[in-house]
file data-v8.txt (compact mmCIF, C-alpha atoms)
# COMPACT_ATOMS: atom_id res chain seq x y z
CA ASP A 149 7.88 1.59 11.76
CA THR A 150 6.67 3.58 8.77
CA GLU A 151 7.15 7.06 10.11
CA VAL A 152 9.49 9.98 9.87
CA THR A 153 9.80 11.62 13.27
CA GLN A 154 10.75 15.26 13.59
CA THR A 155 11.65 17.10 16.78
CA PRO A 156 10.89 19.58 18.11
CA LYS A 157 7.38 20.24 16.75
CA HIS A 158 7.64 23.94 17.52
CA LEU A 159 10.68 26.16 17.97
CA VAL A 160 11.02 29.85 18.73
CA MET A 161 14.52 31.24 18.48
CA GLY A 162 16.22 34.59 18.47
CA MET A 163 18.39 35.78 15.63
CA THR A 164 21.57 35.17 17.64
CA ASN A 165 20.63 31.66 18.81
CA LYS A 166 21.96 28.33 17.64
CA LYS A 167 19.49 25.47 17.46
CA SER A 168 19.10 22.15 15.69
CA LEU A 169 16.21 20.32 14.09
CA LYS A 170 16.22 16.54 14.19
CA CYS A 171 14.71 13.98 11.84
CA GLU A 172 14.70 10.22 12.31
CA GLN A 173 13.44 7.26 10.29
CA HIS A 174 13.79 3.51 10.76
CA MET A 175 12.43 2.31 7.43
CA GLY A 176 15.84 1.60 5.96
CA HIS A 177 15.50 4.52 3.57
CA ARG A 178 18.81 5.73 2.14
CA ALA A 179 17.68 9.12 0.82
CA MET A 180 16.67 11.93 3.16
CA TYR A 181 15.52 15.45 2.41
CA TRP A 182 14.99 18.82 4.04
CA TYR A 183 12.21 21.06 2.74
CA LYS A 184 11.11 24.55 3.75
CA GLN A 185 7.43 25.43 3.47
CA LYS A 186 5.88 28.86 3.81
CA ALA A 187 2.17 29.22 4.50
CA LYS A 188 -0.09 28.23 1.59
CA LYS A 189 2.94 27.40 -0.60
CA PRO A 190 4.39 24.09 -1.78
CA PRO A 191 7.48 22.73 -0.06
CA GLU A 192 10.81 24.00 -1.40
CA LEU A 193 13.72 21.61 -1.52
CA MET A 194 16.74 22.61 0.56
CA PHE A 195 19.03 19.58 0.82
CA VAL A 196 19.20 15.98 -0.33
CA TYR A 197 21.28 13.26 1.30
CA SER A 198 21.85 10.01 -0.54
CA TYR A 199 23.59 7.19 1.35
CA GLU A 200 24.61 9.70 4.02
CA LYS A 201 26.32 11.99 1.53
CA LEU A 202 25.07 15.43 0.59
CA SER A 203 24.03 15.24 -3.05
CA ILE A 204 21.96 18.39 -3.52
CA ASN A 205 22.21 21.81 -1.89
CA GLU A 206 19.69 24.13 -3.47
CA SER A 207 21.71 27.30 -2.89
CA VAL A 208 20.65 27.46 0.72
CA PRO A 209 22.28 30.18 2.88
CA SER A 210 25.11 28.99 5.09
CA ARG A 211 23.13 29.82 8.22
CA PHE A 212 21.47 26.45 7.52
CA SER A 213 23.86 23.53 7.96
CA PRO A 214 22.69 19.96 7.36
CA GLU A 215 24.24 16.87 8.85
CA CYS A 216 23.59 13.18 8.32
CA PRO A 217 25.37 11.26 11.13
CA ASN A 218 24.00 7.88 10.06
CA SER A 219 21.44 6.31 7.74
CA SER A 220 18.56 6.91 10.17
CA LEU A 221 19.23 10.43 11.33
CA LEU A 222 19.24 13.83 9.67
CA ASN A 223 19.90 17.12 11.43
CA LEU A 224 19.55 20.73 10.38
CA HIS A 225 21.70 23.14 12.37
CA LEU A 226 20.48 26.71 12.55
CA HIS A 227 22.57 29.79 13.33
CA ALA A 228 21.96 33.52 12.98
CA LEU A 229 18.62 33.10 11.28
CA GLN A 230 16.48 35.93 9.99
CA PRO A 231 12.75 36.50 10.62
CA GLU A 232 12.04 35.54 6.98
CA ASP A 233 13.37 32.07 7.80
CA SER A 234 10.25 31.46 9.87
CA ALA A 235 8.46 28.53 8.21
CA LEU A 236 7.50 24.89 8.52
CA TYR A 237 10.58 22.70 8.01
CA LEU A 238 9.78 19.28 6.68
CA CYS A 239 11.96 16.23 6.60
CA ALA A 240 11.27 13.40 4.16
CA SER A 241 12.81 10.08 3.26
CA SER A 242 12.61 7.67 0.36
CA GLN A 243 13.95 4.20 -0.29
CA ASN A 244 16.68 5.69 -2.43
CA ARG A 245 16.98 8.25 -5.20
CA ASP A 246 16.40 5.68 -7.93
CA THR A 247 13.04 4.26 -6.87
CA PRO A 248 9.99 6.42 -7.59
CA ARG A 249 7.85 5.22 -4.72
CA GLY A 250 7.28 8.62 -3.24
CA TYR A 251 8.51 10.29 -0.13
CA THR A 252 7.44 9.77 3.45
CA PHE A 253 7.19 13.13 5.17
CA GLY A 254 7.49 13.99 8.82
CA SER A 255 5.01 16.29 10.53
CA GLY A 256 7.47 19.14 10.45
CA THR A 257 8.99 21.67 12.82
CA ARG A 258 7.21 25.01 12.98
CA LEU A 259 10.05 27.53 13.33
CA THR A 260 9.56 31.12 14.41
CA VAL A 261 12.53 33.50 14.36
CA VAL A 262 12.10 36.58 16.54
CA ALA B 106 12.11 20.71 -17.82
CA GLN B 107 9.58 19.48 -15.34
CA SER B 108 6.55 21.48 -14.32
CA VAL B 109 3.28 20.80 -12.57
CA THR B 110 0.18 22.97 -12.88
CA GLN B 111 -2.72 22.77 -10.49
CA LEU B 112 -5.71 24.66 -11.84
CA GLY B 113 -7.63 26.38 -9.11
CA SER B 114 -5.82 27.41 -5.95
CA HIS B 115 -9.12 27.17 -4.07
CA VAL B 116 -11.94 24.69 -4.62
CA SER B 117 -15.18 24.58 -2.64
CA VAL B 118 -17.63 21.69 -2.73
CA SER B 119 -20.70 20.78 -0.74
CA GLU B 120 -20.56 17.81 1.59
CA GLY B 121 -21.51 14.73 -0.43
CA ALA B 122 -20.63 16.29 -3.78
CA LEU B 123 -17.97 15.17 -6.23
CA VAL B 124 -14.43 16.38 -5.57
CA LEU B 125 -12.29 17.11 -8.63
CA LEU B 126 -8.82 18.60 -8.24
CA ARG B 127 -6.88 19.18 -11.44
CA CYS B 128 -3.24 18.49 -12.15
CA ASN B 129 -1.40 18.80 -15.44
CA TYR B 130 2.28 18.09 -15.95
CA SER B 131 4.92 18.61 -18.54
CA SER B 132 7.61 15.99 -18.89
CA SER B 133 9.89 14.86 -21.66
CA VAL B 134 9.80 11.24 -20.46
CA PRO B 135 7.12 9.16 -18.75
CA PRO B 136 6.74 10.68 -15.32
CA TYR B 137 5.90 9.36 -11.91
CA LEU B 138 2.99 11.23 -10.39
CA PHE B 139 1.81 11.69 -6.83
CA TRP B 140 -0.91 13.39 -4.85
CA TYR B 141 -0.23 14.50 -1.30
CA VAL B 142 -2.63 15.95 1.29
CA GLN B 143 -1.65 18.36 4.03
CA TYR B 144 -3.91 19.07 6.99
CA PRO B 145 -3.35 22.27 8.99
CA ASN B 146 -0.08 22.31 10.91
CA GLN B 147 0.88 18.86 9.69
CA GLY B 148 3.28 17.30 7.21
CA LEU B 149 2.38 15.87 3.83
CA GLN B 150 0.64 12.52 3.58
CA LEU B 151 0.77 10.42 0.42
CA LEU B 152 -2.72 9.89 -1.04
CA LEU B 153 -1.78 7.90 -4.12
CA LYS B 154 0.88 7.46 -6.78
CA TYR B 155 1.24 6.49 -10.42
CA THR B 156 4.43 4.66 -11.33
CA SER B 157 3.65 3.27 -14.82
CA ALA B 158 1.35 0.44 -13.78
CA ALA B 159 -2.46 0.81 -13.98
CA THR B 160 -3.57 4.23 -15.21
CA LEU B 161 -6.44 4.39 -12.72
CA VAL B 162 -4.93 4.61 -9.28
CA LYS B 163 -6.86 4.17 -6.06
CA GLY B 164 -5.58 5.79 -2.90
CA ILE B 165 -6.52 6.27 0.70
CA ASN B 166 -9.68 7.92 2.04
CA GLY B 167 -11.69 7.08 -1.11
CA PHE B 168 -9.59 9.17 -3.49
CA GLU B 169 -8.52 8.06 -6.93
CA ALA B 170 -6.72 9.56 -9.90
CA GLU B 171 -6.40 8.67 -13.57
CA PHE B 172 -3.22 9.12 -15.59
CA LYS B 173 -4.10 10.38 -19.07
CA LYS B 174 -0.99 10.60 -21.20
CA SER B 175 -2.79 12.23 -24.14
CA GLU B 176 -3.98 15.05 -21.87
CA THR B 177 -0.84 15.10 -19.67
CA SER B 178 -3.18 15.07 -16.71
CA PHE B 179 -3.48 13.33 -13.36
CA HIS B 180 -6.68 14.70 -11.83
CA LEU B 181 -7.73 13.68 -8.33
CA THR B 182 -11.34 12.70 -7.67
CA LYS B 183 -13.56 11.51 -4.85
CA PRO B 184 -17.23 10.67 -5.43
CA SER B 185 -18.56 12.14 -2.21
CA ALA B 186 -16.83 14.86 -0.19
CA HIS B 187 -16.60 14.61 3.56
CA MET B 188 -15.95 17.44 5.97
CA SER B 189 -12.68 15.77 6.95
CA ASP B 190 -11.41 16.16 3.36
CA ALA B 191 -10.87 19.90 3.88
CA ALA B 192 -7.12 20.36 3.45
CA GLU B 193 -4.38 21.47 1.06
CA TYR B 194 -3.66 19.10 -1.81
CA PHE B 195 -0.40 18.98 -3.74
CA CYS B 196 0.30 17.22 -7.00
CA ALA B 197 3.93 16.23 -7.57
CA VAL B 198 5.96 14.73 -10.40
CA SER B 199 9.35 13.10 -10.57
CA GLU B 200 11.53 11.55 -13.23
CA LEU B 201 14.26 8.98 -12.83
CA ASN B 202 16.62 11.03 -14.97
CA THR B 203 16.46 13.87 -12.43
CA GLY B 204 17.48 11.60 -9.58
CA ASN B 205 13.89 11.10 -8.56
CA GLN B 206 13.66 14.72 -7.45
CA PHE B 207 10.15 15.93 -6.74
CA TYR B 208 8.53 18.93 -8.37
CA PHE B 209 5.42 20.14 -6.56
CA GLY B 210 2.45 22.00 -7.93
CA THR B 211 1.35 25.18 -6.19
CA GLY B 212 -1.38 23.38 -4.27
CA THR B 213 -5.17 23.48 -4.11
CA SER B 214 -7.01 24.35 -0.93
CA LEU B 215 -10.19 22.29 -0.64
CA THR B 216 -13.11 23.64 1.40
CA VAL B 217 -16.08 21.41 2.15
CA ILE B 218 -19.35 23.23 2.83
CA PRO B 219 -21.80 21.53 5.19

call {"tool": "encode", "arguments": {"input": "data-v8.txt", "output": "structure tokens"}}
result
Amino acid sequence: DTEVTQTPKHLVMGMTNKKSLKCEQHMGHRAMYWYKQKAKKPPELMFVYSYEKLSINESVPSRFSPECPNSSLLNLHLHALQPEDSALYLCASSQNRDTPRGYTFGSGTRLTVV
Amino acid sequence: AQSVTQLGSHVSVSEGALVLLRCNYSSSVPPYLFWYVQYPNQGLQLLLKYTSAATLVKGINGFEAEFKKSETSFHLTKPSAHMSDAAEYFCAVSELNTGNQFYFGTGTSLTVIP
């Protein structure tokens, strides 16, 4: 299995809703990442988990809450989002943070906040 | 500090013509360099990577790139464009001393004209 699987593929939520994005990989990778991507822009790093511990939080608002329950799973909990948070949310994984072999990206969750 | 510059946010080529997408980087130490492709409404797919082995790197779908240290460049080429190559292309760089964190260029949108 050489994939990163993200669910759901599409999500529409109101500003008062609570929802979660899920990311799963079974490649034995020990680093996992959340990125936010606006249309026609490069991905922007949000969070980095290394060996299930949060190692980077790029000053992301607290309405985004990451969680790494185990080495294969990464969640992003969403609460009280704003319309400007609408974007493609990408999950990625890599063998670890010390091996420059590149990331494997999931297909993303297209989030629309109404 | 790391930075990646992709010259030309939009490139158009005729089907069968040479594809050349430019990427220049700035790095204080030897970098690791990557090209990713993103098709509409999809995640990022790794095309190829340079990690200090051969300077001419061959990737998937007939693409290749050459690392030129003297020019701090890592341009992406393909001898003959196909309609299916139309996509967004991102160059990325990472360094071990930044925890293997990726820095993306702003992207180049490739259009293939029939």

call {"tool": "closest_residue", "arguments": {"input": "data-v8.txt", "among": "A:Val262, A:Ala179, A:Leu193, A:Met163", "to": "Arg211 (chain A)", "atoms": "all atoms listed in the file"}}
result
A:Met163

call {"tool": "closest_atom_pairs", "arguments": {"input": "data-v8.txt", "of": "region 149-258 of chain A", "to": "region 144-160 of chain B", "cutoff": "12 Å", "atoms": "all atoms listed in the file", "output": "JSON lines"}}
result
{"residue": "A:Thr150", "atom": "CA", "partner": "B:Gln150", "partner_atom": "CA", "distance": 12.0}
{"residue": "A:Glu151", "atom": "CA", "partner": "B:Gln150", "partner_atom": "CA", "distance": 10.7}
{"residue": "A:Val152", "atom": "CA", "partner": "B:Gly148", "partner_atom": "CA", "distance": 10.0}
{"residue": "A:Thr153", "atom": "CA", "partner": "B:Gly148", "partner_atom": "CA", "distance": 10.6}
{"residue": "A:Gln154", "atom": "CA", "partner": "B:Gly148", "partner_atom": "CA", "distance": 10.0}
{"residue": "A:Lys157", "atom": "CA", "partner": "B:Gln147", "partner_atom": "CA", "distance": 9.7}
{"residue": "A:His158", "atom": "CA", "partner": "B:Asn146", "partner_atom": "CA", "distance": 10.3}
{"residue": "A:Tyr183", "atom": "CA", "partner": "B:Gly148", "partner_atom": "CA", "distance": 10.7}
{"residue": "A:Lys184", "atom": "CA", "partner": "B:Gly148", "partner_atom": "CA", "distance": 11.2}
{"residue": "A:Gln185", "atom": "CA", "partner": "B:Gly148", "partner_atom": "CA", "distance": 9.9}
{"residue": "A:Lys186", "atom": "CA", "partner": "B:Asn146", "partner_atom": "CA", "distance": 11.4}
{"residue": "A:Ala187", "atom": "CA", "partner": "B:Asn146", "partner_atom": "CA", "distance": 9.7}
{"residue": "A:Lys188", "atom": "CA", "partner": "B:Pro145", "partner_atom": "CA", "distance": 10.0}
{"residue": "A:Pro190", "atom": "CA", "partner": "B:Leu149", "partner_atom": "CA", "distance": 10.2}
{"residue": "A:Pro191", "atom": "CA", "partner": "B:Leu149", "partner_atom": "CA", "distance": 9.4}
{"residue": "A:Ala235", "atom": "CA", "partner": "B:Asn146", "partner_atom": "CA", "distance": 10.9}
{"residue": "A:Leu236", "atom": "CA", "partner": "B:Asn146", "partner_atom": "CA", "distance": 8.4}
{"residue": "A:Tyr237", "atom": "CA", "partner": "B:Gly148", "partner_atom": "CA", "distance": 9.1}
{"residue": "A:Leu238", "atom": "CA", "partner": "B:Gly148", "partner_atom": "CA", "distance": 6.8}
{"residue": "A:Cys239", "atom": "CA", "partner": "B:Gly148", "partner_atom": "CA", "distance": 8.8}
{"residue": "A:Ala240", "atom": "CA", "partner": "B:Leu149", "partner_atom": "CA", "distance": 9.2}
{"residue": "A:Ser241", "atom": "CA", "partner": "B:Leu149", "partner_atom": "CA", "distance": 11.9}
{"residue": "A:Thr247", "atom": "CA", "partner": "B:Thr156", "partner_atom": "CA", "distance": 9.7}
{"residue": "A:Pro248", "atom": "CA", "partner": "B:Thr156", "partner_atom": "CA", "distance": 6.9}
{"residue": "A:Arg249", "atom": "CA", "partner": "B:Thr156", "partner_atom": "CA", "distance": 7.5}
{"residue": "A:Gly250", "atom": "CA", "partner": "B:Lys154", "partner_atom": "CA", "distance": 7.4}
{"residue": "A:Tyr251", "atom": "CA", "partner": "B:Leu151", "partner_atom": "CA", "distance": 7.8}
{"residue": "A:Thr252", "atom": "CA", "partner": "B:Gln150", "partner_atom": "CA", "distance": 7.3}
{"residue": "A:Phe253", "atom": "CA", "partner": "B:Leu149", "partner_atom": "CA", "distance": 5.7}
{"residue": "A:Gly254", "atom": "CA", "partner": "B:Gly148", "partner_atom": "CA", "distance": 5.6}
{"residue": "A:Ser255", "atom": "CA", "partner": "B:Gly148", "partner_atom": "CA", "distance": 3.9}
{"residue": "A:Gly256", "atom": "CA", "partner": "B:Gly148", "partner_atom": "CA", "distance": 5.6}
{"residue": "A:Thr257", "atom": "CA", "partner": "B:Gly148", "partner_atom": "CA", "distance": 9.1}
{"residue": "A:Arg258", "atom": "CA", "partner": "B:Asn146", "partner_atom": "CA", "distance": 8.0}

call {"tool": "residues_around", "arguments": {"input": "data-v8.txt", "residues": "Leu138 (chain B)", "least_positions_apart": "3", "cutoff": "12 Å", "atoms": "only C-alpha atoms", "output": "PyMOL selection string"}}
result
(chain A and resi 248-251) or (chain B and resi 107-109+128-132+135+141+151-158+160-162+170-174+177-181+195-201+205-210)

call {"tool": "residues_around", "arguments": {"input": "data-v8.txt", "residues": "Val261 (chain A)", "least_positions_apart": "3", "cutoff": "6 Å", "atoms": "only C-alpha atoms", "output": "list in words"}}
result
Val160, Met161, Gly162, Pro231 and Ser234 of chain A

call {"tool": "atom_distance", "arguments": {"input": "data-v8.txt", "atom1": "CA of Glu232 (chain A)", "atom2": "CA of Ser213 (chain A)"}}
result
16.9 Å

call {"tool": "closest_residue", "arguments": {"input": "data-v8.txt", "among": "B:Ser175, B:Gln143, B:Asn166, B:Ser133", "to": "Glu193 (chain B)", "atoms": "all atoms listed in the file"}}
result
B:Gln143

call {"tool": "decode", "arguments": {"input": "data-v8.txt", "residues": "chain A", "atoms": "C-alpha atoms", "output": "PDB file, in the first residue's frame"}}
result
ATOM      1  CA  ASP A 149       0.000   0.000   0.000  1.00  0.00           C
ATOM      2  CA  THR A 150       1.670   3.183  -1.211  1.00  0.00           C
ATOM      3  CA  GLU A 151      -1.186   5.597  -0.718  1.00  0.00           C
ATOM      4  CA  VAL A 152      -2.360   8.269   1.629  1.00  0.00           C
ATOM      5  CA  THR A 153      -6.130   8.080   1.949  1.00  0.00           C
ATOM      6  CA  GLN A 154      -8.155  11.120   2.915  1.00  0.00           C
ATOM      7  CA  THR A 155     -11.828  11.201   3.824  1.00  0.00           C
ATOM      8  CA  PRO A 156     -14.190  12.742   3.075  1.00  0.00           C
ATOM      9  CA  LYS A 157     -13.328  13.974  -0.429  1.00  0.00           C
ATOM     10  CA  HIS A 158     -15.776  16.849  -0.162  1.00  0.00           C
ATOM     11  CA  LEU A 159     -17.223  18.579   2.890  1.00  0.00           C
ATOM     12  CA  VAL A 160     -19.662  21.454   3.238  1.00  0.00           C
ATOM     13  CA  MET A 161     -20.093  22.795   6.741  1.00  0.00           C
ATOM     14  CA  GLY A 162     -21.692  25.733   8.454  1.00  0.00           C
ATOM     15  CA  MET A 163     -19.757  28.137  10.625  1.00  0.00           C
ATOM     16  CA  THR A 164     -21.211  26.628  13.801  1.00  0.00           C
ATOM     17  CA  ASN A 165     -20.565  22.993  12.858  1.00  0.00           C
ATOM     18  CA  LYS A 166     -17.937  20.622  14.173  1.00  0.00           C
ATOM     19  CA  LYS A 167     -16.419  18.210  11.691  1.00  0.00           C
ATOM     20  CA  SER A 168     -13.269  16.145  11.289  1.00  0.00           C
ATOM     21  CA  LEU A 169     -10.994  15.308   8.389  1.00  0.00           C
ATOM     22  CA  LYS A 170      -9.280  11.944   8.388  1.00  0.00           C
ATOM     23  CA  CYS A 171      -5.987  10.826   6.870  1.00  0.00           C
ATOM     24  CA  GLU A 172      -4.599   7.299   6.850  1.00  0.00           C
ATOM     25  CA  GLN A 173      -1.413   5.672   5.570  1.00  0.00           C
ATOM     26  CA  HIS A 174      -0.024   2.162   5.914  1.00  0.00           C
ATOM     27  CA  MET A 175       3.464   2.706   4.538  1.00  0.00           C
ATOM     28  CA  GLY A 176       5.109   2.780   7.948  1.00  0.00           C
ATOM     29  CA  HIS A 177       5.805   6.485   7.612  1.00  0.00           C
ATOM     30  CA  ARG A 178       6.489   8.236  10.916  1.00  0.00           C
ATOM     31  CA  ALA A 179       6.023  11.844   9.796  1.00  0.00           C
ATOM     32  CA  MET A 180       2.619  13.188   8.801  1.00  0.00           C
ATOM     33  CA  TYR A 181       1.584  16.635   7.657  1.00  0.00           C
ATOM     34  CA  TRP A 182      -1.463  18.817   7.139  1.00  0.00           C
ATOM     35  CA  TYR A 183      -1.408  21.407   4.366  1.00  0.00           C
ATOM     36  CA  LYS A 184      -3.972  23.984   3.282  1.00  0.00           C
ATOM     37  CA  GLN A 185      -4.158  24.902  -0.395  1.00  0.00           C
ATOM     38  CA  LYS A 186      -6.108  27.751  -1.934  1.00  0.00           C
ATOM     39  CA  ALA A 187      -6.896  27.737  -5.643  1.00  0.00           C
ATOM     40  CA  LYS A 188      -3.881  28.274  -7.913  1.00  0.00           C
ATOM     41  CA  LYS A 189      -1.557  28.588  -4.896  1.00  0.00           C
ATOM     42  CA  PRO A 190       1.078  26.252  -3.454  1.00  0.00           C
ATOM     43  CA  PRO A 191       0.233  24.221  -0.367  1.00  0.00           C
ATOM     44  CA  GLU A 192       0.807  25.973   2.963  1.00  0.00           C
ATOM     45  CA  LEU A 193       2.071  23.930   5.872  1.00  0.00           C
ATOM     46  CA  MET A 194      -0.225  23.803   8.896  1.00  0.00           C
ATOM     47  CA  PHE A 195       1.006  21.016  11.179  1.00  0.00           C
ATOM     48  CA  VAL A 196       3.748  18.408  11.334  1.00  0.00           C
ATOM     49  CA  TYR A 197       3.629  15.242  13.412  1.00  0.00           C
ATOM     50  CA  SER A 198       6.800  13.268  13.961  1.00  0.00           C
ATOM     51  CA  TYR A 199       6.507   9.886  15.702  1.00  0.00           C
ATOM     52  CA  GLU A 200       2.959  10.806  16.736  1.00  0.00           C
ATOM     53  CA  LYS A 201       4.050  14.009  18.442  1.00  0.00           C
ATOM     54  CA  LEU A 202       3.224  17.476  17.204  1.00  0.00           C
ATOM     55  CA  SER A 203       6.507  19.061  16.153  1.00  0.00           C
ATOM     56  CA  ILE A 204       5.398  22.051  14.090  1.00  0.00           C
ATOM     57  CA  ASN A 205       2.329  24.267  14.357  1.00  0.00           C
ATOM     58  CA  GLU A 206       2.592  27.068  11.836  1.00  0.00           C
ATOM     59  CA  SER A 207       0.577  29.568  13.867  1.00  0.00           C
ATOM     60  CA  VAL A 208      -2.674  27.975  12.820  1.00  0.00           C
ATOM     61  CA  PRO A 209      -5.867  29.331  14.463  1.00  0.00           C
ATOM     62  CA  SER A 210      -7.231  27.222  17.298  1.00  0.00           C
ATOM     63  CA  ARG A 211     -10.384  26.450  15.327  1.00  0.00           C
ATOM     64  CA  PHE A 212      -8.158  23.833  13.651  1.00  0.00           C
ATOM     65  CA  SER A 213      -7.133  21.060  16.036  1.00  0.00           C
ATOM     66  CA  PRO A 214      -4.898  18.207  14.853  1.00  0.00           C
ATOM     67  CA  GLU A 215      -4.721  14.782  16.403  1.00  0.00           C
ATOM     68  CA  CYS A 216      -2.486  11.795  15.734  1.00  0.00           C
ATOM     69  CA  PRO A 217      -4.027   8.769  17.521  1.00  0.00           C
ATOM     70  CA  ASN A 218      -1.473   6.312  16.130  1.00  0.00           C
ATOM     71  CA  SER A 219       1.310   6.050  13.565  1.00  0.00           C
ATOM     72  CA  SER A 220      -1.122   5.414  10.693  1.00  0.00           C
ATOM     73  CA  LEU A 221      -3.823   7.954  11.379  1.00  0.00           C
ATOM     74  CA  LEU A 222      -4.000  11.734  11.389  1.00  0.00           C
ATOM     75  CA  ASN A 223      -7.121  13.770  12.066  1.00  0.00           C
ATOM     76  CA  LEU A 224      -7.934  17.442  11.719  1.00  0.00           C
ATOM     77  CA  HIS A 225     -10.826  18.598  13.889  1.00  0.00           C
ATOM     78  CA  LEU A 226     -12.696  21.651  12.674  1.00  0.00           C
ATOM     79  CA  HIS A 227     -14.857  23.976  14.772  1.00  0.00           C
ATOM     80  CA  ALA A 228     -16.329  27.414  14.181  1.00  0.00           C
ATOM     81  CA  LEU A 229     -14.659  27.869  10.835  1.00  0.00           C
ATOM     82  CA  GLN A 230     -14.889  30.977   8.693  1.00  0.00           C
ATOM     83  CA  PRO A 231     -15.725  31.179   4.969  1.00  0.00           C
ATOM     84  CA  GLU A 232     -12.076  32.076   4.253  1.00  0.00           C
ATOM     85  CA  ASP A 233     -11.122  28.637   5.567  1.00  0.00           C
ATOM     86  CA  SER A 234     -12.656  27.114   2.450  1.00  0.00           C
ATOM     87  CA  ALA A 235      -9.805  25.345   0.655  1.00  0.00           C
ATOM     88  CA  LEU A 236      -8.331  22.000  -0.315  1.00  0.00           C
ATOM     89  CA  TYR A 237      -6.827  20.324   2.754  1.00  0.00           C
ATOM     90  CA  LEU A 238      -4.026  17.962   1.943  1.00  0.00           C
ATOM     91  CA  CYS A 239      -2.481  15.320   4.111  1.00  0.00           C
ATOM     92  CA  ALA A 240       1.012  14.003   3.406  1.00  0.00           C
ATOM     93  CA  SER A 241       3.401  11.523   4.932  1.00  0.00           C
ATOM     94  CA  SER A 242       7.103  10.795   4.719  1.00  0.00           C
ATOM     95  CA  GLN A 243       9.344   8.069   6.049  1.00  0.00           C
ATOM     96  CA  ASN A 244      10.514  10.398   8.781  1.00  0.00           C
ATOM     97  CA  ARG A 245      11.714  13.969   9.081  1.00  0.00           C
ATOM     98  CA  ASP A 246      15.349  13.024   8.487  1.00  0.00           C
ATOM     99  CA  THR A 247      15.082  11.273   5.126  1.00  0.00           C
ATOM    100  CA  PRO A 248      14.666  13.518   2.077  1.00  0.00           C
ATOM    101  CA  ARG A 249      12.720  11.097  -0.055  1.00  0.00           C
ATOM    102  CA  GLY A 250       9.790  13.367  -0.617  1.00  0.00           C
ATOM    103  CA  TYR A 251       6.261  13.338   0.630  1.00  0.00           C
ATOM    104  CA  THR A 252       3.365  11.165  -0.440  1.00  0.00           C
ATOM    105  CA  PHE A 253       0.244  13.288  -0.673  1.00  0.00           C
ATOM    106  CA  GLY A 254      -3.368  12.291  -0.362  1.00  0.00           C
ATOM    107  CA  SER A 255      -5.982  13.495  -2.833  1.00  0.00           C
ATOM    108  CA  GLY A 256      -7.267  16.034  -0.360  1.00  0.00           C
ATOM    109  CA  THR A 257     -10.561  17.110   1.168  1.00  0.00           C
ATOM    110  CA  ARG A 258     -12.310  19.972  -0.598  1.00  0.00           C
ATOM    111  CA  LEU A 259     -13.810  22.011   2.254  1.00  0.00           C
ATOM    112  CA  THR A 260     -16.485  24.647   1.769  1.00  0.00           C
ATOM    113  CA  VAL A 261     -17.573  26.752   4.747  1.00  0.00           C
ATOM    114  CA  VAL A 262     -20.964  28.411   4.339  1.00  0.00           C
TER     115      VAL A 262
END
